[in-house]
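**Q** As input, take upload23.txt (compact mmCIF, N, CA and C atoms):
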# COMPACT_ATOMS: atom_id res chain seq x y z
N MET N 9 61.91 -19.46 94.34
CA MET N 9 61.81 -18.20 93.63
C MET N 9 60.99 -17.22 94.48
N ALA N 10 61.30 -15.94 94.31
CA ALA N 10 60.59 -14.91 95.08
C ALA N 10 59.14 -14.84 94.65
N THR N 11 58.30 -14.34 95.56
CA THR N 11 56.91 -14.17 95.19
C THR N 11 56.81 -13.08 94.13
N LEU N 12 55.71 -13.10 93.41
CA LEU N 12 55.52 -12.14 92.32
C LEU N 12 55.67 -10.71 92.81
N SER N 13 55.16 -10.41 93.99
CA SER N 13 55.20 -9.05 94.50
C SER N 13 56.62 -8.59 94.82
N LYS N 14 57.55 -9.51 94.97
CA LYS N 14 58.93 -9.13 95.28
C LYS N 14 59.85 -9.15 94.07
N LEU N 15 59.37 -9.62 92.95
CA LEU N 15 60.20 -9.70 91.76
C LEU N 15 60.39 -8.32 91.15
N LYS N 16 61.56 -8.13 90.59
CA LYS N 16 61.88 -6.92 89.85
C LYS N 16 61.87 -7.25 88.36
N VAL N 17 61.74 -6.23 87.55
CA VAL N 17 61.74 -6.41 86.10
C VAL N 17 62.98 -7.17 85.66
N ARG N 18 64.13 -6.86 86.24
CA ARG N 18 65.39 -7.51 85.86
C ARG N 18 65.34 -9.03 86.06
N ASP N 19 64.46 -9.49 86.96
CA ASP N 19 64.37 -10.92 87.26
C ASP N 19 63.71 -11.72 86.14
N VAL N 20 62.95 -11.08 85.28
CA VAL N 20 62.21 -11.82 84.25
C VAL N 20 62.44 -11.30 82.83
N MET N 21 63.11 -10.17 82.68
CA MET N 21 63.26 -9.59 81.35
C MET N 21 64.18 -10.44 80.47
N SER N 22 63.90 -10.41 79.19
CA SER N 22 64.76 -11.04 78.21
C SER N 22 65.76 -9.99 77.73
N THR N 23 67.00 -10.38 77.61
CA THR N 23 68.02 -9.43 77.14
C THR N 23 68.40 -9.69 75.68
N ASN N 24 67.68 -10.58 75.03
CA ASN N 24 67.93 -10.91 73.63
C ASN N 24 67.26 -9.85 72.75
N LEU N 25 67.89 -8.68 72.66
CA LEU N 25 67.34 -7.59 71.86
C LEU N 25 67.94 -7.61 70.46
N ILE N 26 67.08 -7.51 69.48
CA ILE N 26 67.49 -7.44 68.09
C ILE N 26 67.09 -6.07 67.58
N ALA N 27 68.00 -5.41 66.90
CA ALA N 27 67.71 -4.06 66.40
C ALA N 27 68.05 -3.95 64.92
N LEU N 28 67.23 -3.19 64.23
CA LEU N 28 67.45 -2.86 62.83
C LEU N 28 67.30 -1.34 62.67
N GLY N 29 67.77 -0.82 61.57
CA GLY N 29 67.64 0.60 61.30
C GLY N 29 66.27 0.94 60.76
N PRO N 30 65.88 2.22 60.82
CA PRO N 30 64.55 2.64 60.37
C PRO N 30 64.32 2.44 58.87
N ASN N 31 65.39 2.33 58.10
CA ASN N 31 65.24 2.12 56.66
C ASN N 31 65.23 0.64 56.27
N SER N 32 65.37 -0.24 57.25
CA SER N 32 65.23 -1.67 56.96
C SER N 32 63.78 -1.92 56.59
N THR N 33 63.56 -2.96 55.82
CA THR N 33 62.20 -3.27 55.38
C THR N 33 61.51 -4.21 56.37
N ILE N 34 60.20 -4.30 56.23
CA ILE N 34 59.48 -5.23 57.10
C ILE N 34 59.83 -6.67 56.73
N LYS N 35 60.24 -6.91 55.50
CA LYS N 35 60.71 -8.24 55.12
C LYS N 35 61.98 -8.57 55.91
N ASP N 36 62.90 -7.59 56.02
CA ASP N 36 64.11 -7.80 56.82
C ASP N 36 63.74 -8.14 58.26
N ALA N 37 62.81 -7.39 58.81
CA ALA N 37 62.40 -7.60 60.20
C ALA N 37 61.77 -8.98 60.38
N ALA N 38 60.92 -9.37 59.46
CA ALA N 38 60.26 -10.68 59.55
C ALA N 38 61.29 -11.80 59.51
N GLN N 39 62.28 -11.68 58.65
CA GLN N 39 63.31 -12.71 58.55
C GLN N 39 64.15 -12.78 59.82
N VAL N 40 64.50 -11.63 60.38
CA VAL N 40 65.28 -11.60 61.62
C VAL N 40 64.46 -12.18 62.77
N MET N 41 63.17 -11.85 62.82
CA MET N 41 62.31 -12.41 63.87
C MET N 41 62.27 -13.93 63.77
N ARG N 42 62.11 -14.43 62.56
CA ARG N 42 62.08 -15.89 62.35
C ARG N 42 63.41 -16.52 62.76
N ASP N 43 64.49 -15.97 62.28
CA ASP N 43 65.81 -16.56 62.53
C ASP N 43 66.24 -16.47 63.99
N SER N 44 65.77 -15.44 64.69
CA SER N 44 66.16 -15.23 66.09
C SER N 44 65.10 -15.71 67.07
N ASP N 45 63.97 -16.19 66.56
CA ASP N 45 62.86 -16.65 67.38
C ASP N 45 62.41 -15.59 68.37
N VAL N 46 62.17 -14.38 67.84
CA VAL N 46 61.64 -13.27 68.65
C VAL N 46 60.41 -12.71 67.96
N GLY N 47 59.59 -12.00 68.70
CA GLY N 47 58.38 -11.41 68.15
C GLY N 47 58.43 -9.92 67.99
N ALA N 48 59.60 -9.32 68.28
CA ALA N 48 59.73 -7.88 68.17
C ALA N 48 61.18 -7.51 67.88
N VAL N 49 61.36 -6.44 67.13
CA VAL N 49 62.68 -5.87 66.92
C VAL N 49 62.64 -4.39 67.25
N LEU N 50 63.74 -3.93 67.80
CA LEU N 50 63.86 -2.50 68.04
C LEU N 50 64.24 -1.82 66.73
N VAL N 51 63.82 -0.59 66.59
CA VAL N 51 64.23 0.22 65.46
C VAL N 51 65.14 1.29 66.05
N ASN N 52 66.43 1.20 65.70
CA ASN N 52 67.43 2.09 66.27
C ASN N 52 68.03 3.03 65.24
N THR N 53 68.38 4.22 65.71
CA THR N 53 69.15 5.17 64.92
C THR N 53 70.46 5.40 65.67
N SER N 54 71.30 6.25 65.13
CA SER N 54 72.56 6.56 65.82
C SER N 54 72.31 7.25 67.15
N ARG N 55 71.12 7.79 67.35
CA ARG N 55 70.78 8.47 68.60
C ARG N 55 70.11 7.55 69.62
N GLY N 56 69.86 6.31 69.27
CA GLY N 56 69.24 5.37 70.20
C GLY N 56 67.99 4.75 69.65
N THR N 57 67.11 4.34 70.55
CA THR N 57 65.89 3.65 70.16
C THR N 57 64.90 4.62 69.55
N TYR N 58 64.50 4.30 68.33
CA TYR N 58 63.56 5.11 67.55
C TYR N 58 62.14 4.58 67.72
N GLY N 59 62.02 3.25 67.87
CA GLY N 59 60.71 2.62 68.01
C GLY N 59 60.85 1.12 68.12
N MET N 60 59.72 0.44 67.99
CA MET N 60 59.70 -1.02 68.05
C MET N 60 58.65 -1.53 67.07
N VAL N 61 58.98 -2.64 66.41
CA VAL N 61 58.06 -3.31 65.49
C VAL N 61 57.86 -4.73 65.98
N THR N 62 56.60 -5.13 66.06
CA THR N 62 56.27 -6.50 66.46
C THR N 62 55.77 -7.28 65.24
N ASP N 63 55.71 -8.59 65.40
CA ASP N 63 55.16 -9.42 64.33
C ASP N 63 53.72 -9.01 64.03
N ARG N 64 52.99 -8.65 65.05
CA ARG N 64 51.61 -8.20 64.87
C ARG N 64 51.55 -6.87 64.09
N ASP N 65 52.48 -5.97 64.36
CA ASP N 65 52.54 -4.70 63.61
C ASP N 65 52.70 -4.97 62.11
N ILE N 66 53.57 -5.93 61.79
CA ILE N 66 53.80 -6.25 60.38
C ILE N 66 52.51 -6.74 59.74
N VAL N 67 51.80 -7.59 60.44
CA VAL N 67 50.55 -8.14 59.89
C VAL N 67 49.47 -7.07 59.79
N VAL N 68 49.23 -6.35 60.88
CA VAL N 68 48.11 -5.41 60.92
C VAL N 68 48.38 -4.12 60.16
N ARG N 69 49.60 -3.58 60.29
CA ARG N 69 49.90 -2.27 59.69
C ARG N 69 50.45 -2.34 58.27
N ALA N 70 50.82 -3.53 57.83
CA ALA N 70 51.39 -3.63 56.49
C ALA N 70 50.69 -4.68 55.63
N ILE N 71 50.77 -5.94 56.02
CA ILE N 71 50.21 -7.01 55.20
C ILE N 71 48.71 -6.83 55.01
N ALA N 72 47.98 -6.57 56.08
CA ALA N 72 46.52 -6.39 55.99
C ALA N 72 46.16 -5.18 55.14
N GLU N 73 47.07 -4.23 55.05
CA GLU N 73 46.85 -3.03 54.22
C GLU N 73 47.39 -3.22 52.80
N GLU N 74 47.80 -4.47 52.49
CA GLU N 74 48.31 -4.85 51.18
C GLU N 74 49.55 -4.06 50.77
N LYS N 75 50.40 -3.77 51.74
CA LYS N 75 51.66 -3.08 51.46
C LYS N 75 52.73 -4.13 51.16
N ASP N 76 53.64 -3.79 50.26
CA ASP N 76 54.69 -4.70 49.82
C ASP N 76 55.78 -4.82 50.90
N PRO N 77 55.98 -6.01 51.46
CA PRO N 77 56.97 -6.19 52.52
C PRO N 77 58.40 -5.82 52.13
N LYS N 78 58.69 -5.86 50.83
CA LYS N 78 60.04 -5.53 50.38
C LYS N 78 60.25 -4.03 50.26
N ASN N 79 59.17 -3.25 50.28
CA ASN N 79 59.30 -1.82 50.07
C ASN N 79 58.90 -0.95 51.26
N ILE N 80 58.26 -1.53 52.26
CA ILE N 80 57.82 -0.74 53.42
C ILE N 80 58.94 -0.72 54.45
N LYS N 81 59.32 0.47 54.85
CA LYS N 81 60.39 0.66 55.82
C LYS N 81 59.83 0.55 57.24
N LEU N 82 60.67 0.12 58.15
CA LEU N 82 60.25 -0.03 59.54
C LEU N 82 59.77 1.29 60.14
N GLU N 83 60.39 2.39 59.74
CA GLU N 83 59.98 3.69 60.28
C GLU N 83 58.53 4.02 59.93
N GLU N 84 57.99 3.38 58.91
CA GLU N 84 56.61 3.65 58.48
C GLU N 84 55.58 2.92 59.35
N ILE N 85 55.98 1.84 60.01
CA ILE N 85 54.99 1.07 60.77
C ILE N 85 55.34 0.88 62.24
N CYS N 86 56.52 1.30 62.65
CA CYS N 86 56.93 1.03 64.04
C CYS N 86 56.15 1.90 65.03
N SER N 87 56.02 1.39 66.23
CA SER N 87 55.44 2.17 67.32
C SER N 87 56.53 3.09 67.83
N ARG N 88 56.22 4.37 67.91
CA ARG N 88 57.21 5.36 68.34
C ARG N 88 57.08 5.71 69.81
N GLU N 89 55.86 5.75 70.31
CA GLU N 89 55.65 6.08 71.72
C GLU N 89 55.59 4.79 72.50
N LEU N 90 56.71 4.45 73.11
CA LEU N 90 56.83 3.17 73.79
C LEU N 90 56.63 3.32 75.29
N THR N 91 55.90 2.39 75.85
CA THR N 91 55.77 2.30 77.30
C THR N 91 56.99 1.57 77.80
N THR N 92 57.66 2.14 78.80
CA THR N 92 58.90 1.55 79.27
C THR N 92 58.92 1.43 80.79
N VAL N 93 59.80 0.55 81.24
CA VAL N 93 60.09 0.39 82.66
C VAL N 93 61.61 0.31 82.80
N THR N 94 62.09 0.31 84.04
CA THR N 94 63.52 0.12 84.29
C THR N 94 63.73 -1.26 84.89
N PRO N 95 64.95 -1.75 84.86
CA PRO N 95 65.21 -3.07 85.45
C PRO N 95 64.88 -3.14 86.94
N GLU N 96 64.93 -2.03 87.63
CA GLU N 96 64.70 -2.00 89.07
C GLU N 96 63.23 -1.81 89.46
N ASP N 97 62.37 -1.56 88.48
CA ASP N 97 60.95 -1.43 88.78
C ASP N 97 60.38 -2.76 89.26
N ASP N 98 59.35 -2.68 90.09
CA ASP N 98 58.66 -3.89 90.53
C ASP N 98 57.95 -4.53 89.35
N LEU N 99 57.97 -5.84 89.29
CA LEU N 99 57.30 -6.56 88.22
C LEU N 99 55.80 -6.26 88.22
N ASP N 100 55.22 -6.15 89.40
CA ASP N 100 53.79 -5.80 89.50
C ASP N 100 53.49 -4.51 88.74
N GLN N 101 54.38 -3.53 88.86
CA GLN N 101 54.20 -2.24 88.17
C GLN N 101 54.23 -2.45 86.65
N ALA N 102 55.16 -3.25 86.17
CA ALA N 102 55.25 -3.52 84.74
C ALA N 102 53.99 -4.22 84.23
N LEU N 103 53.52 -5.21 84.99
CA LEU N 103 52.30 -5.93 84.60
C LEU N 103 51.10 -5.00 84.57
N GLN N 104 51.00 -4.11 85.53
CA GLN N 104 49.89 -3.16 85.55
C GLN N 104 49.96 -2.24 84.33
N MET N 105 51.16 -1.80 83.95
CA MET N 105 51.31 -0.94 82.77
C MET N 105 50.89 -1.69 81.51
N MET N 106 51.25 -2.97 81.42
CA MET N 106 50.86 -3.77 80.26
C MET N 106 49.34 -3.89 80.21
N ARG N 107 48.72 -4.08 81.35
CA ARG N 107 47.26 -4.21 81.43
C ARG N 107 46.59 -2.89 81.03
N VAL N 108 47.02 -1.80 81.61
CA VAL N 108 46.40 -0.49 81.36
C VAL N 108 46.54 -0.08 79.89
N HIS N 109 47.70 -0.33 79.32
CA HIS N 109 47.95 0.08 77.93
C HIS N 109 47.58 -1.00 76.92
N ALA N 110 47.12 -2.15 77.40
CA ALA N 110 46.75 -3.28 76.54
C ALA N 110 47.86 -3.64 75.56
N ILE N 111 49.07 -3.83 76.11
CA ILE N 111 50.22 -4.19 75.28
C ILE N 111 50.75 -5.55 75.72
N ARG N 112 51.38 -6.23 74.78
CA ARG N 112 51.89 -7.58 75.03
C ARG N 112 53.37 -7.60 75.36
N ARG N 113 54.04 -6.46 75.10
CA ARG N 113 55.47 -6.34 75.36
C ARG N 113 55.75 -4.97 75.94
N ILE N 114 56.76 -4.92 76.78
CA ILE N 114 57.17 -3.63 77.35
C ILE N 114 58.69 -3.56 77.31
N LEU N 115 59.20 -2.43 76.88
CA LEU N 115 60.63 -2.23 76.73
C LEU N 115 61.25 -1.84 78.07
N VAL N 116 62.40 -2.41 78.36
CA VAL N 116 63.12 -2.10 79.59
C VAL N 116 64.27 -1.17 79.22
N MET N 117 64.26 0.00 79.84
CA MET N 117 65.30 1.01 79.58
C MET N 117 66.14 1.19 80.84
N ASP N 118 67.45 1.24 80.65
CA ASP N 118 68.37 1.43 81.76
C ASP N 118 69.26 2.62 81.43
N HIS N 119 69.07 3.71 82.14
CA HIS N 119 69.82 4.95 81.91
C HIS N 119 69.73 5.40 80.44
N GLY N 120 68.51 5.38 79.91
CA GLY N 120 68.26 5.86 78.56
C GLY N 120 68.61 4.90 77.44
N LYS N 121 69.01 3.70 77.78
CA LYS N 121 69.41 2.71 76.77
C LYS N 121 68.56 1.44 76.92
N ALA N 122 68.09 0.90 75.81
CA ALA N 122 67.31 -0.34 75.84
C ALA N 122 68.18 -1.47 76.39
N SER N 123 67.67 -2.16 77.41
CA SER N 123 68.45 -3.24 78.00
C SER N 123 67.70 -4.57 78.05
N GLY N 124 66.40 -4.54 77.75
CA GLY N 124 65.63 -5.78 77.77
C GLY N 124 64.21 -5.55 77.33
N ILE N 125 63.46 -6.62 77.35
CA ILE N 125 62.05 -6.57 76.97
C ILE N 125 61.32 -7.62 77.80
N ILE N 126 60.10 -7.32 78.13
CA ILE N 126 59.24 -8.30 78.81
C ILE N 126 58.06 -8.56 77.90
N SER N 127 57.78 -9.82 77.63
CA SER N 127 56.60 -10.17 76.84
C SER N 127 55.69 -11.04 77.69
N ILE N 128 54.44 -11.10 77.29
CA ILE N 128 53.49 -11.96 77.99
C ILE N 128 53.99 -13.41 77.98
N GLY N 129 54.52 -13.85 76.86
CA GLY N 129 55.04 -15.22 76.76
C GLY N 129 56.22 -15.45 77.69
N ASP N 130 57.14 -14.46 77.78
CA ASP N 130 58.28 -14.58 78.69
C ASP N 130 57.79 -14.73 80.13
N LEU N 131 56.80 -13.92 80.48
CA LEU N 131 56.25 -13.98 81.84
C LEU N 131 55.65 -15.34 82.14
N ALA N 132 54.89 -15.84 81.19
CA ALA N 132 54.26 -17.15 81.39
C ALA N 132 55.32 -18.24 81.57
N GLN N 133 56.37 -18.18 80.76
CA GLN N 133 57.44 -19.18 80.84
C GLN N 133 58.17 -19.11 82.18
N ARG N 134 58.47 -17.92 82.61
CA ARG N 134 59.29 -17.76 83.81
C ARG N 134 58.49 -17.88 85.10
N LEU N 135 57.23 -17.48 85.08
CA LEU N 135 56.45 -17.46 86.31
C LEU N 135 55.59 -18.69 86.52
N ASP N 136 55.12 -19.29 85.42
CA ASP N 136 54.26 -20.47 85.56
C ASP N 136 54.44 -21.35 84.32
N ARG N 137 55.60 -21.96 84.23
CA ARG N 137 55.94 -22.77 83.06
C ARG N 137 54.96 -23.92 82.84
N ALA N 138 54.31 -24.36 83.91
CA ALA N 138 53.37 -25.48 83.80
C ALA N 138 52.01 -25.04 83.27
N SER N 139 51.75 -23.73 83.21
CA SER N 139 50.47 -23.25 82.67
C SER N 139 50.43 -23.51 81.17
N LEU N 140 49.25 -23.48 80.62
CA LEU N 140 49.10 -23.69 79.18
C LEU N 140 49.88 -22.64 78.41
N LEU N 141 49.77 -21.37 78.78
CA LEU N 141 50.51 -20.31 78.09
C LEU N 141 52.01 -20.51 78.26
N GLY N 142 52.43 -20.93 79.44
CA GLY N 142 53.84 -21.19 79.68
C GLY N 142 54.36 -22.32 78.80
N GLU N 143 53.57 -23.39 78.66
CA GLU N 143 53.97 -24.51 77.80
C GLU N 143 54.04 -24.09 76.34
N ILE N 144 53.05 -23.33 75.90
CA ILE N 144 53.03 -22.88 74.51
C ILE N 144 54.22 -21.97 74.24
N SER N 145 54.49 -21.06 75.16
CA SER N 145 55.59 -20.11 74.99
C SER N 145 56.94 -20.79 74.99
N ALA N 146 57.07 -21.90 75.72
CA ALA N 146 58.34 -22.62 75.81
C ALA N 146 58.56 -23.57 74.64
N ALA N 147 57.53 -23.84 73.87
CA ALA N 147 57.65 -24.78 72.75
C ALA N 147 58.60 -24.23 71.69
N PRO N 148 59.33 -25.12 71.02
CA PRO N 148 60.23 -24.66 69.95
C PRO N 148 59.42 -24.07 68.79
N PRO N 149 60.03 -23.14 68.05
CA PRO N 149 59.31 -22.55 66.91
C PRO N 149 58.96 -23.63 65.89
N ASN N 150 57.89 -23.40 65.17
CA ASN N 150 57.42 -24.40 64.20
C ASN N 150 57.66 -23.96 62.76
N HIS N 151 58.86 -23.44 62.53
CA HIS N 151 59.18 -23.04 61.13
C HIS N 151 60.16 -23.97 60.52
Please, can you express the file's structure as structure tokens?
**A**
Amino acid sequence: MATLSKLKVRDVMSTNLIALGPNSTIKDAAQVMRDSDVGAVLVNTSRGTYGMVTDRDIVVRAIAEEKDPKNIKLEEICSRELTTVTPEDDLDQALQMMRVHAIRRILVMDHGKASGIISIGDLAQRLDRASLLGEISAAPPNH
């Protein structure tokens, strides 16, 4: 495998993107995340990507605030200002952006369209599967 400095975003990104509409509920998102074994869903409109909701967003922005998961819409809690990279960007650049912005996932956009996502867990699995984080990330879901 190429050294980290030579890897491109496309070499490690996950293309398993799940999208829901802005009027879907956080309960819908949580169920899709569980069933698809992902930690984030895109929030899409007919015009493209509107935002992204993570499992942590659901917990921190809704459950911890005692909001009803069946009534809160994704548009109410999703992150709208997303940090993005392209598939051709250097992986080092993506990692630096994640570090600077203190984010665990970064959206990959290709010609204005979402084409993938990079998560800390994906990176651990692909770059150092033998590490503790790599092993944990590779483990099957426990639901």
**Q** Expressed in Å to a single decimal, how great is the separation between atom N of Gly124 in chain N and CA of Thr23 in chain N?
**A**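 Computing the Euclidean distance for atom N of Gly124 in chain N and CA of Thr23 in chain N yields 5.2 Å.
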**Q** May I ask which of the residues N:Arg18, N:Lys121, N:Arg107, N:Arg42 is the closest one to Arg55 in chain N, counting only C-alpha atoms?
**A** N:Lys121
**Q** From a DSSP pass on the backbone, collect the residues of chain N flagged as strand (DSSP E or B) and hand them back as a VMD selection string.
**A** chain N and resid 16 22 27 to 28 33 48 to 53 56 to 62 81 87 92 to 93 98 113 to 118 121 to 127
**Q** With N, CA and C atoms retained, export the selected residues as a compact mmCIF listing (two decimals), in the coordinates of the input.
**A**
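result15.txt, written as the output of this step:
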# COMPACT_ATOMS: atom_id res chain seq x y z
N LYS N 16 61.56 -8.13 90.59
CA LYS N 16 61.88 -6.92 89.85
C LYS N 16 61.87 -7.25 88.36
N SER N 22 63.90 -10.41 79.19
CA SER N 22 64.76 -11.04 78.21
C SER N 22 65.76 -9.99 77.73
N ALA N 27 68.00 -5.41 66.90
CA ALA N 27 67.71 -4.06 66.40
C ALA N 27 68.05 -3.95 64.92
N LEU N 28 67.23 -3.19 64.23
CA LEU N 28 67.45 -2.86 62.83
C LEU N 28 67.30 -1.34 62.67
N THR N 33 63.56 -2.96 55.82
CA THR N 33 62.20 -3.27 55.38
C THR N 33 61.51 -4.21 56.37
N ALA N 48 59.60 -9.32 68.28
CA ALA N 48 59.73 -7.88 68.17
C ALA N 48 61.18 -7.51 67.88
N VAL N 49 61.36 -6.44 67.13
CA VAL N 49 62.68 -5.87 66.92
C VAL N 49 62.64 -4.39 67.25
N LEU N 50 63.74 -3.93 67.80
CA LEU N 50 63.86 -2.50 68.04
C LEU N 50 64.24 -1.82 66.73
N VAL N 51 63.82 -0.59 66.59
CA VAL N 51 64.23 0.22 65.46
C VAL N 51 65.14 1.29 66.05
N ASN N 52 66.43 1.20 65.70
CA ASN N 52 67.43 2.09 66.27
C ASN N 52 68.03 3.03 65.24
N THR N 53 68.38 4.22 65.71
CA THR N 53 69.15 5.17 64.92
C THR N 53 70.46 5.40 65.67
N GLY N 56 69.86 6.31 69.27
CA GLY N 56 69.24 5.37 70.20
C GLY N 56 67.99 4.75 69.65
N THR N 57 67.11 4.34 70.55
CA THR N 57 65.89 3.65 70.16
C THR N 57 64.90 4.62 69.55
N TYR N 58 64.50 4.30 68.33
CA TYR N 58 63.56 5.11 67.55
C TYR N 58 62.14 4.58 67.72
N GLY N 59 62.02 3.25 67.87
CA GLY N 59 60.71 2.62 68.01
C GLY N 59 60.85 1.12 68.12
N MET N 60 59.72 0.44 67.99
CA MET N 60 59.70 -1.02 68.05
C MET N 60 58.65 -1.53 67.07
N VAL N 61 58.98 -2.64 66.41
CA VAL N 61 58.06 -3.31 65.49
C VAL N 61 57.86 -4.73 65.98
N THR N 62 56.60 -5.13 66.06
CA THR N 62 56.27 -6.50 66.46
C THR N 62 55.77 -7.28 65.24
N LYS N 81 59.32 0.47 54.85
CA LYS N 81 60.39 0.66 55.82
C LYS N 81 59.83 0.55 57.24
N SER N 87 56.02 1.39 66.23
CA SER N 87 55.44 2.17 67.32
C SER N 87 56.53 3.09 67.83
N THR N 92 57.66 2.14 78.80
CA THR N 92 58.90 1.55 79.27
C THR N 92 58.92 1.43 80.79
N VAL N 93 59.80 0.55 81.24
CA VAL N 93 60.09 0.39 82.66
C VAL N 93 61.61 0.31 82.80
N ASP N 98 59.35 -2.68 90.09
CA ASP N 98 58.66 -3.89 90.53
C ASP N 98 57.95 -4.53 89.35
N ARG N 113 54.04 -6.46 75.10
CA ARG N 113 55.47 -6.34 75.36
C ARG N 113 55.75 -4.97 75.94
N ILE N 114 56.76 -4.92 76.78
CA ILE N 114 57.17 -3.63 77.35
C ILE N 114 58.69 -3.56 77.31
N LEU N 115 59.20 -2.43 76.88
CA LEU N 115 60.63 -2.23 76.73
C LEU N 115 61.25 -1.84 78.07
N VAL N 116 62.40 -2.41 78.36
CA VAL N 116 63.12 -2.10 79.59
C VAL N 116 64.27 -1.17 79.22
N MET N 117 64.26 0.00 79.84
CA MET N 117 65.30 1.01 79.58
C MET N 117 66.14 1.19 80.84
N ASP N 118 67.45 1.24 80.65
CA ASP N 118 68.37 1.43 81.76
C ASP N 118 69.26 2.62 81.43
N LYS N 121 69.01 3.70 77.78
CA LYS N 121 69.41 2.71 76.77
C LYS N 121 68.56 1.44 76.92
N ALA N 122 68.09 0.90 75.81
CA ALA N 122 67.31 -0.34 75.84
C ALA N 122 68.18 -1.47 76.39
N SER N 123 67.67 -2.16 77.41
CA SER N 123 68.45 -3.24 78.00
C SER N 123 67.70 -4.57 78.05
N GLY N 124 66.40 -4.54 77.75
CA GLY N 124 65.63 -5.78 77.77
C GLY N 124 64.21 -5.55 77.33
N ILE N 125 63.46 -6.62 77.35
CA ILE N 125 62.05 -6.57 76.97
C ILE N 125 61.32 -7.62 77.80
N ILE N 126 60.10 -7.32 78.13
CA ILE N 126 59.24 -8.30 78.81
C ILE N 126 58.06 -8.56 77.90
N SER N 127 57.78 -9.82 77.63
CA SER N 127 56.60 -10.17 76.84
C SER N 127 55.69 -11.04 77.69
**Q** Write out as a list in words which residues come within 6 Å of Ser87 in chain N when counting all atoms listed in the file, dropping same-chain ones fewer than 6 positions away.
**A**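 Those residues are Tyr58, Gly59, Met60 and Val61 of chain N.
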**Q** Generate a file of the selected residues that holds N, CA and C atoms, formatted as a PDB file, in the frame of the given file.
**A**
ATOM      1  N   TYR N  58      64.500   4.300  68.330  1.00  0.00           N
ATOM      2  CA  TYR N  58      63.560   5.110  67.550  1.00  0.00           C
ATOM      3  C   TYR N  58      62.140   4.580  67.720  1.00  0.00           C
ATOM      4  N   GLY N  59      62.020   3.250  67.870  1.00  0.00           N
ATOM      5  CA  GLY N  59      60.710   2.620  68.010  1.00  0.00           C
ATOM      6  C   GLY N  59      60.850   1.120  68.120  1.00  0.00           C
ATOM      7  N   MET N  60      59.720   0.440  67.990  1.00  0.00           N
ATOM      8  CA  MET N  60      59.700  -1.020  68.050  1.00  0.00           C
ATOM      9  C   MET N  60      58.650  -1.530  67.070  1.00  0.00           C
ATOM     10  N   VAL N  61      58.980  -2.640  66.410  1.00  0.00           N
ATOM     11  CA  VAL N  61      58.060  -3.310  65.490  1.00  0.00           C
ATOM     12  C   VAL N  61      57.860  -4.730  65.980  1.00  0.00           C
TER      13      VAL N  61
END
**Q** Considering only N, CA and C atoms, can you say which of N:Ala72, N:Val17, N:Val51, N:Val116 comes closest to Gly29 in chain N?
**A**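 Distance minimum relative to Gly29 in chain N lands on N:Val51.
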**Q** Mind pulling up the distance from CA of Lys78 in chain N to atom C of Asp36 in chain N?
**A** 9.1 Å
**Q** Provide the atom C of Ala70 in chain N to atom N of Cys86 in chain N distance in Å, to one decimal place.
**A**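 Computing it gives 10.9 Å between the two atoms.
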**Q** For Met41 in chain N, which residue among N:Asp63, N:Arg113, N:Gly129, N:Val68 is the nearest when counting all atoms listed in the file?
**A**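 Nearest candidate to Met41 in chain N out of N:Asp63, N:Arg113, N:Gly129, N:Val68: N:Asp63.
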**Q** Skipping near chain neighbours, those fewer than 4 positions away, what residues fall within 8 Å of Met117 in chain N using all atoms listed in the file, listed as a PyMOL selection string?
**A** chain N and resi 91-96+121-125
**Q** Between N:Ile126, N:Ala37, N:Ala110, N:Leu99, which is the closest to Lys14 in chain N once you count only N, CA and C atoms?
**A** N:Leu99
**Q** Ranking N:Gln39, N:Ile34, N:Glu89, N:Asn52 by minimum distance to Asp65 in chain N and counting only C-alpha atoms, which one comes first?
**A**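 Among the listed residues, N:Ile34 lies closest to Asp65 in chain N.
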**Q** What parts of range 24-145 of chain N does DSSP call helix (DSSP H, G or I)? I'd like the answer as an MDAnalysis selection string.
**A** chainID N and resid 34:44 63:71 82:85 99:109 128:135 140:145
**Q** Find the residue from N:Arg134, N:Arg69, N:Arg112, N:Lys75 that sits nearest to Leu90 in chain N; use only C-alpha atoms when measuring.
**A**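 Between N:Arg134, N:Arg69, N:Arg112, N:Lys75, the residue approaching Leu90 in chain N most closely is N:Arg112.
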